[in-house]
Amino acid sequence: MLEVLGVTAGATAVYQTMLDHPAFGVDEIAAHCELTTVQVHDHLDELARLTLVRASAERPGQLRAVSPEIGLADILTREEAELAARQAKLAASRAAVTRLVADRAEHRTTHGERLLGMDAIQARLERMGRSATTEALGSQPGDQRPEDLLASRATDAEARSRGIAIRTLYQDSTRNQPHAATYAHWLLSQGGEVRTAATIPPRMVIIDRSQALVPIDPVHHRKGALYVTEPGILAALVDLFDQAWSTAVPLGAAQPEDPRTGLTATERELLRLLGSGLTDDAAGQRLGVSSRTVGRHMSSIMERLGASSRFEAGIKAAHRGWL
């Protein structure tokens, strides 16, 4: 039950036994859980690291179980802090990569090539796919055009037939696009992996961590792209992708709500974007949704907060620690 919080099954059994039988010593716990005393001591060490057990004030030299209301809440708080730190690192990496790619896009070197127009981009993507030997990583923010997905299917099928690992990131909004969801499920059926998040890195395709394609203009990505093989840029792009992948939700899995606030990842990100001063249109573009959808999300959040205006909602959200 507690494995999702990083607690092993054995430690969970010991913790549950201590809650149910607070007077049990190590020998009684071992007998009840069908463990050796050495195993019990190992599990107690694990529980102590997670602050789920503490020294007993009544029985010197023994431990007591911390109530779940306190101990498990502390674990959730630590995990939320770690997630926030990873997201902050991801945001900083995204900004650094954007600056780096923009600087490099101004120059064509032996490690890069400017491609203008969709025909040139598609031709390069096909060559990259054919040359893949191990993996293909992709970040695809925003709406997905049916014709682009159709063009990708043959390339992805060929790559999977050769055992190439494919990992693709889409925005959460893609789950509501029938043609995109159909393609993503087809890719899953071929053995690929697909995850979604409220916001993801700029559009990119990375092959074997040795070559990548990124748009010259992230807003109008169909105008042209930069093909790069320079190790420094590739390392930054791969790191950015890996960070985003680690916090994204696998397609097909339920999108969890924050247990403390009840917010989905999209709602939390929307509050952050609007709180930073973005308009509905700008926030919607970042999330891959329409301004009307932004309005619906905000109406739902305001209702939950009991706020009559966005200004009041912002104050209440900040007061509750939602921002």
# chains A, B, ... in the order shown; residues from 1 in each chain; ligands from 1
>>> residues_around(residues="segment 180-192 of chain A", least_positions_apart="5", cutoff="10 Å", atoms="only C-alpha atoms", output="list in words")
Ala136, Asp143, Gln144, Arg145, Pro146, Leu149, Leu150, Ser152, Arg153, Asp156, Ala157, Arg160, Ser161, Gly163, Ile164, Ala165, Ile166, Arg167, Thr168, Leu169, Tyr170, Ser173, Thr174, Arg175, Leu251 and Gly252 of chain A
>>> residues_around(residues="Ala55 of chain A", least_positions_apart="6", cutoff="7 Å", atoms="only C-alpha atoms", output="list of chain:residue names")
A:Gln62, A:Leu63, A:Arg64
>>> atom_distance(atom1="atom CA of Ala9 of chain A", atom2="atom CA of Ala84 of chain A")
27.0 Å
>>> closest_residue(among="A:Thr98, A:Ala23, A:Arg222, A:Val14", to="Ala120 of chain A", atoms="only C-alpha atoms")
A:Arg222
>>> atom_distance(atom1="atom CA of Tyr227 of chain A", atom2="atom CA of Glu113 of chain A")
5.0 Å
>>> residues_around(residues="Gln243 of chain A", least_positions_apart="6", cutoff="10 Å", atoms="only C-alpha atoms", output="VMD selection string")
chain A and resid 86 to 87 89 to 91 93 to 94 200 to 201
>>> write_last_selection(atoms="N, CA, C and O atoms", output="short mmCIF file (atom, residue, chain, number, x, y, z; two decimals), in the first residue's frame")
data_model
loop_
_atom_site.label_atom_id
_atom_site.label_comp_id
_atom_site.auth_asym_id
_atom_site.auth_seq_id
_atom_site.Cartn_x
_atom_site.Cartn_y
_atom_site.Cartn_z
N ARG A 86 12.77 19.75 -8.84
CA ARG A 86 13.02 19.22 -10.18
C ARG A 86 12.37 20.08 -11.25
O ARG A 86 12.95 20.32 -12.31
N GLN A 87 11.15 20.57 -10.96
CA GLN A 87 10.45 21.42 -11.93
C GLN A 87 11.18 22.75 -12.10
O GLN A 87 11.25 23.29 -13.21
N LYS A 89 14.41 23.17 -11.73
CA LYS A 89 15.60 22.85 -12.53
C LYS A 89 15.23 22.69 -13.99
O LYS A 89 15.97 23.13 -14.88
N LEU A 90 14.06 22.06 -14.24
CA LEU A 90 13.59 21.89 -15.62
C LEU A 90 13.34 23.24 -16.28
O LEU A 90 13.72 23.45 -17.43
N ALA A 91 12.72 24.17 -15.54
CA ALA A 91 12.45 25.49 -16.10
C ALA A 91 13.74 26.23 -16.43
O ALA A 91 13.87 26.87 -17.48
N SER A 93 16.63 24.81 -17.07
CA SER A 93 17.25 24.11 -18.21
C SER A 93 16.58 24.49 -19.51
O SER A 93 17.23 24.69 -20.53
N ARG A 94 15.24 24.61 -19.47
CA ARG A 94 14.50 24.98 -20.67
C ARG A 94 14.95 26.36 -21.17
O ARG A 94 15.17 26.56 -22.36
N ILE A 200 5.61 21.04 -21.60
CA ILE A 200 6.76 20.20 -21.94
C ILE A 200 7.80 21.05 -22.65
O ILE A 200 7.52 22.20 -23.02
N PRO A 201 9.01 20.53 -22.87
CA PRO A 201 10.06 21.32 -23.54
C PRO A 201 9.66 21.70 -24.96
O PRO A 201 8.70 21.16 -25.52
#
>>> atom_distance(atom1="atom CA of Ala96 of chain A", atom2="atom CA of Ala236 of chain A")
8.4 Å
>>> select_by_dssp(residues="segment 39-264 of chain A", states="helix (DSSP H, G or I)", output="PyMOL selection string")
chain A and resi 39-49+68-105+118-131+146-161+172-176+178-189+231-247
>>> select_by_dssp(residues="segment 116-323 of chain A", states="strand (DSSP E or B)", output="PyMOL selection string")
chain A and resi 116+135-140+165-171+193-197+204-207+211-215+224-228+249-250
>>> closest_residue(among="A:Lys223, A:Arg78, A:Arg286, A:Arg292", to="Leu270 of chain A", atoms="only C-alpha atoms")
A:Arg286
